[in-house]
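Here's start_32.cif, which has mmCIF, C-alpha atoms:
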data_coords
#
loop_
_atom_site.label_atom_id
_atom_site.label_comp_id
_atom_site.auth_asym_id
_atom_site.auth_seq_id
_atom_site.Cartn_x
_atom_site.Cartn_y
_atom_site.Cartn_z
CA MET Q 1 -11.13 30.83 -3.89
CA GLY Q 2 -7.83 29.09 -3.19
CA LEU Q 3 -4.40 30.47 -3.76
CA PHE Q 4 -3.69 28.41 -6.85
CA ASN Q 5 -6.47 28.79 -9.39
CA LEU Q 6 -4.90 26.54 -11.99
CA PHE Q 7 -8.01 24.52 -12.80
CA SER Q 8 -11.38 25.57 -14.09
CA LYS Q 9 -14.07 26.39 -11.55
CA ASP Q 10 -15.85 23.12 -12.32
CA LYS Q 11 -12.72 21.03 -11.82
CA LYS Q 12 -11.93 22.80 -8.56
CA LYS Q 13 -15.46 22.18 -7.27
CA SER Q 14 -15.14 18.51 -8.23
CA LEU Q 15 -11.79 18.24 -6.43
CA ASP Q 16 -13.13 19.98 -3.31
CA LYS Q 17 -16.08 17.59 -3.25
CA GLY Q 18 -13.88 14.55 -3.86
CA LEU Q 19 -11.58 15.41 -0.96
CA LYS Q 20 -14.37 16.50 1.40
CA LYS Q 21 -14.34 13.33 3.55
CA THR Q 22 -10.56 13.44 3.95
CA LYS Q 23 -10.61 17.14 4.78
CA GLU Q 24 -13.44 16.86 7.28
CA GLY Q 25 -11.92 13.82 8.99
CA PHE Q 26 -8.48 15.35 9.25
CA PHE Q 27 -9.43 18.84 10.35
CA SER Q 28 -12.11 17.80 12.81
CA LYS Q 29 -9.47 15.72 14.61
CA LEU Q 30 -6.91 18.51 14.38
CA THR Q 31 -9.36 21.13 15.71
CA ARG Q 32 -10.23 18.94 18.68
CA SER Q 33 -6.57 18.25 19.47
CA ILE Q 34 -5.56 21.93 19.65
CA ALA Q 35 -8.74 23.28 21.27
CA GLY Q 36 -7.82 25.64 24.09
CA LYS Q 37 -4.09 25.57 23.28
CA THR Q 38 -2.08 28.54 22.08
CA LYS Q 39 1.32 27.05 21.26
CA VAL Q 40 2.65 24.00 19.45
CA ASP Q 41 4.14 21.79 22.15
CA ASP Q 42 5.04 18.10 22.41
CA GLU Q 43 1.44 17.16 23.16
CA VAL Q 44 0.14 18.95 20.06
CA LEU Q 45 2.82 17.30 17.91
CA ASP Q 46 1.99 13.87 19.36
CA ASP Q 47 -1.67 14.44 18.51
CA LEU Q 48 -0.75 15.64 15.02
CA GLU Q 49 1.37 12.54 14.48
CA GLU Q 50 -1.57 10.30 15.40
CA ILE Q 51 -3.93 12.26 13.13
CA LEU Q 52 -1.58 11.97 10.13
CA VAL Q 53 -1.08 8.24 10.66
CA THR Q 54 -4.82 7.59 11.02
CA SER Q 55 -5.40 9.62 7.83
CA ASP Q 56 -3.23 7.01 6.05
CA VAL Q 57 -0.35 9.36 5.35
CA GLY Q 58 1.85 6.49 6.60
CA VAL Q 59 4.25 6.22 9.52
CA ASP Q 60 7.48 7.06 7.69
CA THR Q 61 6.03 10.09 5.90
CA THR Q 62 4.30 11.27 9.09
CA LEU Q 63 7.58 11.16 11.04
CA LYS Q 64 9.25 13.13 8.27
CA ILE Q 65 6.56 15.83 8.44
CA ILE Q 66 6.69 15.95 12.26
CA ASP Q 67 10.49 16.27 12.22
CA ARG Q 68 10.26 19.22 9.84
CA ILE Q 69 7.64 20.94 11.97
CA GLU Q 70 9.68 20.34 15.15
CA GLU Q 71 12.66 21.96 13.47
CA ARG Q 72 10.60 25.02 12.59
CA VAL Q 73 9.11 25.21 16.09
CA SER Q 74 12.57 25.08 17.67
CA LYS Q 75 13.66 28.07 15.58
CA ASP Q 76 10.56 30.11 16.42
CA LYS Q 77 9.70 29.99 20.13
CA TYR Q 78 6.48 31.94 19.47
CA PHE Q 79 5.12 29.39 17.02
CA GLY Q 80 1.35 29.25 17.71
CA THR Q 81 -1.36 26.69 16.95
CA GLU Q 82 -3.05 29.16 14.58
CA GLU Q 83 0.00 28.80 12.30
CA LEU Q 84 -0.07 25.00 12.30
CA ASN Q 85 -2.34 24.67 9.23
CA LYS Q 86 -0.11 27.01 7.24
CA ILE Q 87 3.06 25.10 8.18
CA LEU Q 88 1.44 21.72 7.50
CA ARG Q 89 0.33 22.95 4.10
CA GLU Q 90 3.83 24.14 3.26
CA GLU Q 91 5.52 20.91 4.37
CA ILE Q 92 3.10 18.65 2.48
CA SER Q 93 3.53 20.79 -0.66
CA SER Q 94 7.29 20.55 -0.22
CA LEU Q 95 7.19 16.76 0.06
CA LEU Q 96 5.11 16.44 -3.11
CA GLU Q 97 7.50 18.83 -4.88
CA GLU Q 98 10.51 16.70 -3.91
CA ASN Q 99 8.87 13.57 -5.33
CA ASN Q 100 7.95 15.18 -8.69
CA SER Q 101 4.25 14.65 -8.11
CA GLY Q 102 1.68 17.02 -9.49
CA SER Q 103 3.44 19.43 -11.79
CA GLU Q 104 0.90 19.24 -14.65
CA THR Q 105 -2.49 20.92 -14.96
CA GLU Q 106 -3.71 19.35 -18.21
CA PHE Q 107 -3.78 15.94 -19.91
CA VAL Q 108 -0.60 16.18 -21.96
CA ILE Q 109 1.94 13.79 -23.49
CA PRO Q 110 5.45 14.44 -24.77
CA GLN Q 111 5.77 15.43 -28.43
CA GLN Q 112 7.14 12.48 -30.43
CA ASP Q 113 6.82 10.78 -33.80
CA ALA Q 114 5.56 7.39 -32.56
CA PRO Q 115 2.38 6.85 -30.52
CA TYR Q 116 2.83 7.43 -26.78
CA VAL Q 117 2.29 4.06 -25.08
CA ILE Q 118 0.85 3.74 -21.57
CA MET Q 119 0.82 0.25 -20.03
CA VAL Q 120 -1.66 0.09 -17.13
CA VAL Q 121 -1.11 -2.30 -14.22
CA GLY Q 122 -2.91 -2.97 -10.94
CA VAL Q 123 -5.00 -5.59 -9.17
CA ASN Q 124 -8.62 -6.31 -10.07
CA GLY Q 125 -11.21 -4.12 -8.40
CA VAL Q 126 -9.20 -0.91 -8.01
CA GLY Q 127 -10.91 0.85 -10.91
CA LYS Q 128 -8.28 0.03 -13.52
CA THR Q 129 -10.63 -0.38 -16.50
CA THR Q 130 -12.65 2.68 -15.51
CA THR Q 131 -9.46 4.72 -15.21
CA ILE Q 132 -8.38 3.61 -18.70
CA GLY Q 133 -11.78 4.61 -20.12
CA LYS Q 134 -11.73 8.01 -18.42
CA LEU Q 135 -8.12 8.57 -19.45
CA ALA Q 136 -9.05 7.80 -23.06
CA TYR Q 137 -11.90 10.30 -22.77
CA GLN Q 138 -9.64 13.03 -21.39
CA PHE Q 139 -6.94 12.52 -24.03
CA LYS Q 140 -9.53 12.50 -26.81
CA LYS Q 141 -11.06 15.66 -25.35
CA ALA Q 142 -7.56 17.19 -25.49
CA GLY Q 143 -7.50 16.49 -29.24
CA LYS Q 144 -5.47 13.26 -29.19
CA LYS Q 145 -6.21 10.16 -31.26
CA VAL Q 146 -6.43 7.22 -28.82
CA VAL Q 147 -6.30 3.43 -29.30
CA LEU Q 148 -7.05 0.92 -26.51
CA GLY Q 149 -5.59 -2.58 -26.15
CA ALA Q 150 -7.40 -5.26 -24.10
CA ALA Q 151 -4.39 -7.31 -22.96
CA ASP Q 152 -6.07 -8.56 -19.76
CA THR Q 153 -7.07 -11.75 -21.52
CA PHE Q 154 -7.46 -13.80 -18.33
CA ARG Q 155 -10.94 -12.41 -17.66
CA ALA Q 156 -13.69 -12.15 -20.25
CA ALA Q 157 -15.26 -9.43 -18.10
CA ALA Q 158 -12.13 -7.26 -18.44
CA ILE Q 159 -12.29 -7.43 -22.23
CA ASP Q 160 -16.04 -6.74 -22.26
CA GLN Q 161 -15.71 -3.78 -19.85
CA LEU Q 162 -13.00 -2.19 -21.96
CA LYS Q 163 -15.11 -2.68 -25.09
CA ILE Q 164 -17.98 -0.83 -23.40
CA TRP Q 165 -15.64 2.04 -22.51
CA SER Q 166 -14.26 2.19 -26.07
CA GLU Q 167 -17.82 2.52 -27.39
CA ARG Q 168 -18.76 5.07 -24.76
CA VAL Q 169 -15.73 7.24 -25.48
CA ASP Q 170 -15.80 6.39 -29.21
CA VAL Q 171 -12.18 5.27 -29.57
CA PRO Q 172 -10.94 2.13 -31.37
CA ILE Q 173 -9.98 -0.98 -29.40
CA VAL Q 174 -7.89 -4.05 -30.25
CA THR Q 175 -9.05 -7.33 -28.70
CA GLN Q 176 -8.51 -11.05 -29.00
CA LYS Q 177 -10.47 -13.89 -27.44
CA MET Q 178 -10.17 -14.73 -23.74
CA GLY Q 179 -7.03 -16.76 -22.98
CA SER Q 180 -5.02 -15.26 -25.85
CA ASP Q 181 -1.41 -14.27 -25.30
CA PRO Q 182 -1.45 -10.76 -23.74
CA ALA Q 183 1.81 -9.91 -25.51
CA SER Q 184 0.18 -10.73 -28.84
CA VAL Q 185 -2.65 -8.27 -28.06
CA ALA Q 186 -0.11 -5.58 -27.17
CA PHE Q 187 1.80 -6.22 -30.40
CA ASP Q 188 -1.36 -5.97 -32.53
CA THR Q 189 -2.48 -2.84 -30.68
CA LEU Q 190 0.76 -0.98 -31.32
CA GLN Q 191 0.78 -1.98 -34.99
CA SER Q 192 -2.84 -0.84 -35.33
CA ALA Q 193 -2.03 2.45 -33.56
CA GLN Q 194 0.84 3.11 -35.95
CA ALA Q 195 -1.34 2.35 -38.95
CA GLN Q 196 -3.99 4.79 -37.66
CA ASP Q 197 -1.39 7.45 -36.85
CA ALA Q 198 -2.58 7.48 -33.22
CA ASP Q 199 -1.18 9.80 -30.58
CA VAL Q 200 -1.83 7.68 -27.48
CA VAL Q 201 -2.07 3.93 -26.87
CA ILE Q 202 -3.41 2.62 -23.55
CA ILE Q 203 -2.82 -1.08 -22.86
CA ASP Q 204 -4.73 -2.91 -20.12
CA THR Q 205 -2.94 -5.83 -18.42
CA ALA Q 206 -3.97 -8.70 -16.15
CA GLY Q 207 -4.99 -7.63 -12.66
CA ARG Q 208 -3.63 -10.67 -10.93
CA LEU Q 209 -1.62 -13.78 -11.71
CA HIS Q 210 -1.16 -16.54 -9.17
CA ASN Q 211 2.37 -15.59 -8.12
CA LYS Q 212 4.88 -12.75 -8.42
CA VAL Q 213 7.17 -14.68 -10.77
CA ASN Q 214 4.30 -15.16 -13.23
CA LEU Q 215 3.35 -11.48 -12.97
CA MET Q 216 6.94 -10.35 -13.55
CA ASN Q 217 7.36 -12.71 -16.51
CA GLU Q 218 4.04 -11.71 -18.08
CA LEU Q 219 4.65 -7.96 -17.78
CA GLY Q 220 8.23 -8.41 -18.97
CA LYS Q 221 7.06 -10.31 -22.02
CA VAL Q 222 4.44 -7.67 -22.88
CA LYS Q 223 7.07 -4.92 -22.66
CA LYS Q 224 9.56 -6.88 -24.75
CA VAL Q 225 7.05 -7.48 -27.54
CA MET Q 226 6.01 -3.80 -27.55
CA LYS Q 227 9.61 -2.81 -28.24
CA LYS Q 228 9.54 -4.82 -31.48
CA VAL Q 229 7.00 -2.32 -32.80
CA ILE Q 230 8.04 0.88 -30.96
CA PRO Q 231 11.58 0.52 -29.57
CA ASP Q 232 11.15 2.78 -26.53
CA ALA Q 233 7.66 1.53 -25.58
CA PRO Q 234 6.06 1.54 -23.09
CA HIS Q 235 6.71 5.19 -22.35
CA GLU Q 236 4.70 5.02 -19.13
CA VAL Q 237 3.88 2.14 -16.79
CA MET Q 238 0.85 3.37 -14.84
CA LEU Q 239 -0.07 1.68 -11.56
CA VAL Q 240 -3.72 2.15 -10.56
CA LEU Q 241 -4.48 2.02 -6.83
CA ASP Q 242 -7.71 2.33 -4.85
CA ALA Q 243 -7.16 5.17 -2.35
CA SER Q 244 -10.06 3.97 -0.20
CA THR Q 245 -8.03 0.90 0.81
CA GLY Q 246 -5.45 3.08 2.56
CA GLN Q 247 -2.46 1.07 3.70
CA ASN Q 248 -3.46 -1.83 1.44
CA ALA Q 249 -2.86 0.48 -1.53
CA ILE Q 250 0.67 1.04 -0.23
CA GLU Q 251 1.19 -2.72 0.03
CA GLN Q 252 -0.01 -3.19 -3.57
CA ALA Q 253 2.41 -0.47 -4.70
CA LYS Q 254 5.24 -2.34 -2.95
CA GLN Q 255 4.35 -5.57 -4.77
CA PHE Q 256 4.08 -4.00 -8.23
CA THR Q 257 7.19 -1.84 -7.92
CA ARG Q 258 9.14 -5.00 -7.06
CA VAL Q 259 8.13 -6.80 -10.24
CA THR Q 260 8.04 -4.01 -12.81
CA GLU Q 261 9.34 -0.49 -13.32
CA VAL Q 262 6.36 1.72 -12.43
CA THR Q 263 6.78 5.28 -13.72
CA GLY Q 264 3.51 6.86 -12.62
CA MET Q 265 0.47 6.23 -10.42
CA ALA Q 266 -3.26 6.91 -10.53
CA LEU Q 267 -5.26 6.87 -7.30
CA THR Q 268 -8.99 6.20 -7.63
CA LYS Q 269 -12.09 6.54 -5.40
CA LEU Q 270 -10.85 9.48 -3.34
CA ASP Q 271 -14.42 10.77 -3.15
CA GLY Q 272 -15.57 7.73 -1.18
CA THR Q 273 -12.98 7.80 1.58
CA ALA Q 274 -11.42 9.83 4.38
CA LYS Q 275 -8.08 8.17 3.57
CA GLY Q 276 -6.94 10.75 1.02
CA GLY Q 277 -3.71 11.20 2.97
CA VAL Q 278 -2.51 8.03 1.27
CA VAL Q 279 -1.74 10.17 -1.81
CA ILE Q 280 0.93 12.00 0.22
CA GLY Q 281 2.36 8.81 1.73
CA ILE Q 282 2.54 6.92 -1.57
CA SER Q 283 4.24 9.82 -3.35
CA ASP Q 284 6.82 10.13 -0.57
CA LEU Q 285 7.44 6.43 0.00
CA PHE Q 286 7.94 5.36 -3.61
CA LYS Q 287 9.31 8.57 -5.15
CA ILE Q 288 7.07 7.85 -8.15
CA PRO Q 289 4.90 10.69 -9.47
CA VAL Q 290 1.17 10.58 -8.83
CA ARG Q 291 -0.22 11.48 -12.26
CA TYR Q 292 -3.98 11.20 -11.90
CA ILE Q 293 -6.64 11.04 -9.19
CA GLY Q 294 -10.24 9.87 -9.35
CA VAL Q 295 -12.62 12.13 -7.41
CA GLY Q 296 -16.06 11.04 -8.65
CA GLU Q 297 -18.16 8.97 -11.03
CA ARG Q 298 -18.25 11.33 -14.02
CA MET Q 299 -15.77 10.98 -16.86
CA GLU Q 300 -14.52 14.48 -16.01
CA ASP Q 301 -13.78 13.33 -12.46
CA LEU Q 302 -10.51 11.70 -13.41
CA GLN Q 303 -8.19 14.67 -12.93
CA VAL Q 304 -4.56 15.41 -13.54
CA PHE Q 305 -2.99 15.44 -10.08
CA ASN Q 306 -1.67 18.89 -9.29
CA LYS Q 307 -0.01 19.30 -5.90
CA TYR Q 308 -1.03 22.94 -5.50
CA GLU Q 309 -4.70 22.28 -6.19
CA PHE Q 310 -4.65 19.14 -4.03
CA VAL Q 311 -3.17 20.94 -1.02
CA ASP Q 312 -5.40 23.95 -1.65
CA SER Q 313 -8.49 21.72 -1.52
CA LEU Q 314 -7.29 20.06 1.68
CA PHE Q 315 -6.43 23.28 3.50
CA GLY Q 316 -8.31 26.06 1.72
CA GLU Q 317 -11.88 27.18 1.35
CA GLU Q 318 -14.16 25.17 -0.92
CA GLN Q 319 -14.92 26.58 -4.36
CA GLU Q 320 -18.17 28.49 -4.27
CA ALA Q 321 -20.96 27.54 -6.63
#
Could you rewrite the structure in this file as structure tokens?
Amino acid sequence: MGLFNLFSKDKKKSLDKGLKKTKEGFFSKLTRSIAGKTKVDDEVLDDLEEILVTSDVGVDTTLKIIDRIEERVSKDKYFGTEELNKILREEISSLLEENNSGSETEFVIPQQDAPYVIMVVGVNGVGKTTTIGKLAYQFKKAGKKVVLGAADTFRAAAIDQLKIWSERVDVPIVTQKMGSDPASVAFDTLQSAQAQDADVVIIDTAGRLHNKVNLMNELGKVKKVMKKVIPDAPHEVMLVLDASTGQNAIEQAKQFTRVTEVTGMALTKLDGTAKGGVVIGISDLFKIPVRYIGVGERMEDLQVFNKYEFVDSLFGEEQEA
């Protein structure tokens, strides 16, 4: 068992399994780099730097971690390689703490009178629609009344996929025909959610428009129209990223944070990649909380991101069956 048993046994097993490729890739490299060495010297730190970068933690975040470890080594001349995992664990936890990522353990929303509105953004193919469906499932499971809005009206497939998820999860959905004004869909969705006394509204948006100006204008218009129904909506702008794309996910985050105010992130497909370090890099680089992570195909495999459980799965023993 890990140090932080905040999740159920099943969730912990799912997280361990989802991060297995990242853990194995990282620690096999680390073990090889320190084999036969007893102290943390410049060579060990150089190897560690390379391992972190190739695990998609990112150059800037890697240098920050290395600097912190160097500072600790300089204070303790007897700092040995057997302590490196413990120090790495502490520094990564500290970074996530500083960036407000991973403080929750359950699917919760703030208490308020109006429905809590989540606008979901991200490019096509990152698992955006699947994340919305799984998020709806988790909120409904938590006892919340959920309404979906299919405002990605540029692709018929996006509307159809969200309809399938609404049926699968058994939550209502608001749609219009392909090519309709996305802002109009958002407006209708919020009005419908109010009429149904819903707790949570999740609005899908277009995955890609042909230039940044169009994207900025479209998202701005959707937000503006929402405020006509619920003045402080959207309460969350959720960017969905595919963790398996590594540095490309960081580039997508740069593009979206330039054109709209992203307040939270969801990273998908962690189970299919050894690039799980990108979670650490993205949290540090953008100072935007990572809210959710996808660690498998099941609906239960979209998890609330908790820094303690994440680090525990990377550095600790796997949950026993």
Review point. Do you have the CA of Asn85 in chain Q-CA of Phe315 in chain Q distance handy?
Key: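 Rounded to one decimal, the two atoms are 7.2 Å apart.
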Self-check item: Which of Q:Val123, Q:Asp42, Q:Lys86, Q:Gln176 sits closest to Leu241 in chain Q [using all atoms listed in the file]
Solution: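 Smallest distance to Leu241 in chain Q is found for Q:Val123.
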(request) List the neighbours of Val279 in chain Q out to 10 Å using all atoms listed in the file; skip same-chain residues closer than 5 positions along the sequence, and give me the result as an MDAnalysis selection string. (result) chainID Q and resid 56:58 96 101 241 243 246 249:250 265:267 270 284 290 293 305 310
Decode the PyMOL selection byres ((chain Q and resi 90) around 12) for the given file into explicit residues and return them as a PDB file with C-alpha atoms, in the frame of the given file.
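As a result, expr05.pdb now contains:
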ATOM      1  CA  ILE Q  65       6.560  15.830   8.440  1.00  0.00           C
ATOM      2  CA  ARG Q  68      10.260  19.220   9.840  1.00  0.00           C
ATOM      3  CA  ILE Q  69       7.640  20.940  11.970  1.00  0.00           C
ATOM      4  CA  ARG Q  72      10.600  25.020  12.590  1.00  0.00           C
ATOM      5  CA  GLU Q  83       0.000  28.800  12.300  1.00  0.00           C
ATOM      6  CA  LEU Q  84      -0.070  25.000  12.300  1.00  0.00           C
ATOM      7  CA  ASN Q  85      -2.340  24.670   9.230  1.00  0.00           C
ATOM      8  CA  LYS Q  86      -0.110  27.010   7.240  1.00  0.00           C
ATOM      9  CA  ILE Q  87       3.060  25.100   8.180  1.00  0.00           C
ATOM     10  CA  LEU Q  88       1.440  21.720   7.500  1.00  0.00           C
ATOM     11  CA  ARG Q  89       0.330  22.950   4.100  1.00  0.00           C
ATOM     12  CA  GLU Q  91       5.520  20.910   4.370  1.00  0.00           C
ATOM     13  CA  ILE Q  92       3.100  18.650   2.480  1.00  0.00           C
ATOM     14  CA  SER Q  93       3.530  20.790  -0.660  1.00  0.00           C
ATOM     15  CA  SER Q  94       7.290  20.550  -0.220  1.00  0.00           C
ATOM     16  CA  LEU Q  95       7.190  16.760   0.060  1.00  0.00           C
ATOM     17  CA  LEU Q  96       5.110  16.440  -3.110  1.00  0.00           C
ATOM     18  CA  GLU Q  97       7.500  18.830  -4.880  1.00  0.00           C
ATOM     19  CA  LYS Q 307      -0.010  19.300  -5.900  1.00  0.00           C
ATOM     20  CA  TYR Q 308      -1.030  22.940  -5.500  1.00  0.00           C
ATOM     21  CA  VAL Q 311      -3.170  20.940  -1.020  1.00  0.00           C
ATOM     22  CA  ASP Q 312      -5.400  23.950  -1.650  1.00  0.00           C
ATOM     23  CA  LEU Q 314      -7.290  20.060   1.680  1.00  0.00           C
ATOM     24  CA  PHE Q 315      -6.430  23.280   3.500  1.00  0.00           C
TER      25      PHE Q 315
END
Here CA of Asn248 in chain Q and CA of Met119 in chain Q stand apart by 22.0 Å
Item to check | Distance criterion (only C-alpha atoms): nearest to Val278 in chain Q out of Q:Ala35, Q:Leu302, Q:Ala253, Q:Met238 | outcome: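 Distance minimum relative to Val278 in chain Q lands on Q:Ala253.
Once the PyMOL selection byres ((chain Q and resi 225-234) around 8) is applied to the shown structure, the selection contains Q:Ala114, Q:Tyr116, Q:Val117, Q:Ile118, Q:Met119, Q:Ala183, Q:Ser184, Q:Ala186, Q:Phe187, Q:Leu190, Q:Gln191, Q:Lys221, Q:Val222, Q:Lys223, Q:Lys224, Q:His235, Q:Glu236, Q:Val237.
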Pick the closest to Met216 in chain Q from Q:Glu167, Q:Asp181, Q:Glu261, Q:Glu104: which is it, counting all atoms listed in the file?
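Of the candidates, the smallest distance to Met216 in chain Q is held by Q:Glu261.
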- Atomic separation - CA of Leu15 in chain Q relative to CA of Gln303 in chain Q, Å: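 Rounded to one decimal, the two atoms are 8.2 Å apart.
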Selection in question (the file shown): the PyMOL selection byres ((chain Q and resi 196) around 12). Which residues does it include, as a PDB file with C-alpha atoms, keeping the file's coordinate frame?
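Heads up, here's the output in result23.pdb:
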ATOM      1  CA  ALA Q 114       5.560   7.390 -32.560  1.00  0.00           C
ATOM      2  CA  PRO Q 115       2.380   6.850 -30.520  1.00  0.00           C
ATOM      3  CA  LYS Q 145      -6.210  10.160 -31.260  1.00  0.00           C
ATOM      4  CA  VAL Q 146      -6.430   7.220 -28.820  1.00  0.00           C
ATOM      5  CA  VAL Q 147      -6.300   3.430 -29.300  1.00  0.00           C
ATOM      6  CA  VAL Q 171     -12.180   5.270 -29.570  1.00  0.00           C
ATOM      7  CA  PRO Q 172     -10.940   2.130 -31.370  1.00  0.00           C
ATOM      8  CA  ILE Q 173      -9.980  -0.980 -29.400  1.00  0.00           C
ATOM      9  CA  THR Q 189      -2.480  -2.840 -30.680  1.00  0.00           C
ATOM     10  CA  LEU Q 190       0.760  -0.980 -31.320  1.00  0.00           C
ATOM     11  CA  GLN Q 191       0.780  -1.980 -34.990  1.00  0.00           C
ATOM     12  CA  SER Q 192      -2.840  -0.840 -35.330  1.00  0.00           C
ATOM     13  CA  ALA Q 193      -2.030   2.450 -33.560  1.00  0.00           C
ATOM     14  CA  GLN Q 194       0.840   3.110 -35.950  1.00  0.00           C
ATOM     15  CA  ALA Q 195      -1.340   2.350 -38.950  1.00  0.00           C
ATOM     16  CA  ASP Q 197      -1.390   7.450 -36.850  1.00  0.00           C
ATOM     17  CA  ALA Q 198      -2.580   7.480 -33.220  1.00  0.00           C
ATOM     18  CA  ASP Q 199      -1.180   9.800 -30.580  1.00  0.00           C
ATOM     19  CA  VAL Q 200      -1.830   7.680 -27.480  1.00  0.00           C
ATOM     20  CA  VAL Q 201      -2.070   3.930 -26.870  1.00  0.00           C
TER      21      VAL Q 201
END
Residue nearest Leu63 in chain Q - candidates Q:Lys23, Q:Thr38, Q:Gly281, Q:Ala150, atoms counted: all atoms listed in the file:
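The answer is Q:Gly281, which sits nearest to Leu63 in chain Q.
Closest approach to Asp10 in chain Q among Q:Leu148, Q:Lys163, Q:Asp301, Q:Ala274: Q:Asp301, based on only C-alpha atoms.
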Dump as a tab-separated table the rows for residues of range 189-299 of chain Q within 10 Å of range 124-132 of chain Q: closest atom pair and distance in Å with one decimal, all atoms listed in the file counted, ordered by chain and rising residue number.
residue	atom	partner	partner_atom	distance
Q:Ile202	CA	Q:Ile132	CA	7.0
Q:Ile203	CA	Q:Ile132	CA	8.4
Q:Asp204	CA	Q:Thr129	CA	7.4
Q:Thr205	CA	Q:Lys128	CA	9.3
Q:Ala206	CA	Q:Asn124	CA	8.0
Q:Gly207	CA	Q:Asn124	CA	4.7
Q:Arg208	CA	Q:Asn124	CA	6.7
Q:Met238	CA	Q:Lys128	CA	9.8
Q:Leu239	CA	Q:Lys128	CA	8.6
Q:Val240	CA	Q:Lys128	CA	5.8
Q:Leu241	CA	Q:Val126	CA	5.7
Q:Asp242	CA	Q:Val126	CA	4.8
Q:Ala243	CA	Q:Val126	CA	8.6
Q:Ser244	CA	Q:Val126	CA	9.2
Q:Thr245	CA	Q:Val126	CA	9.1
Q:Ala249	CA	Q:Val126	CA	9.2
Q:Ala266	CA	Q:Thr131	CA	8.1
Q:Leu267	CA	Q:Val126	CA	8.7
Q:Thr268	CA	Q:Gly127	CA	6.6
Q:Lys269	CA	Q:Gly127	CA	8.0
Q:Tyr292	CA	Q:Thr131	CA	9.1
Q:Ile293	CA	Q:Thr131	CA	9.2
Q:Gly294	CA	Q:Thr131	CA	7.8
Q:Glu297	CA	Q:Thr130	CA	9.5
Q:Met299	CA	Q:Thr130	CA	9.0
From the set Q:Gly220, Q:Gly264, Q:Gly18, Q:Gly102, which residue has the shortest atom-to-atom contact distance to Val120 in chain Q, counting all atoms listed in the file?
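Going through Q:Gly220, Q:Gly264, Q:Gly18, Q:Gly102 one by one, the smallest distance to Val120 in chain Q is for Q:Gly264.
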| Which residues, protein or nucleic acid, reach to within 10 Å of (-1.5, 15.1, 13.8) in the file's coordinates when using all atoms listed in the file, and can you give that as a VMD selection string? | chain Q and resid 26 to 27 29 to 30 33 to 34 44 to 55 62 65 to 66 88
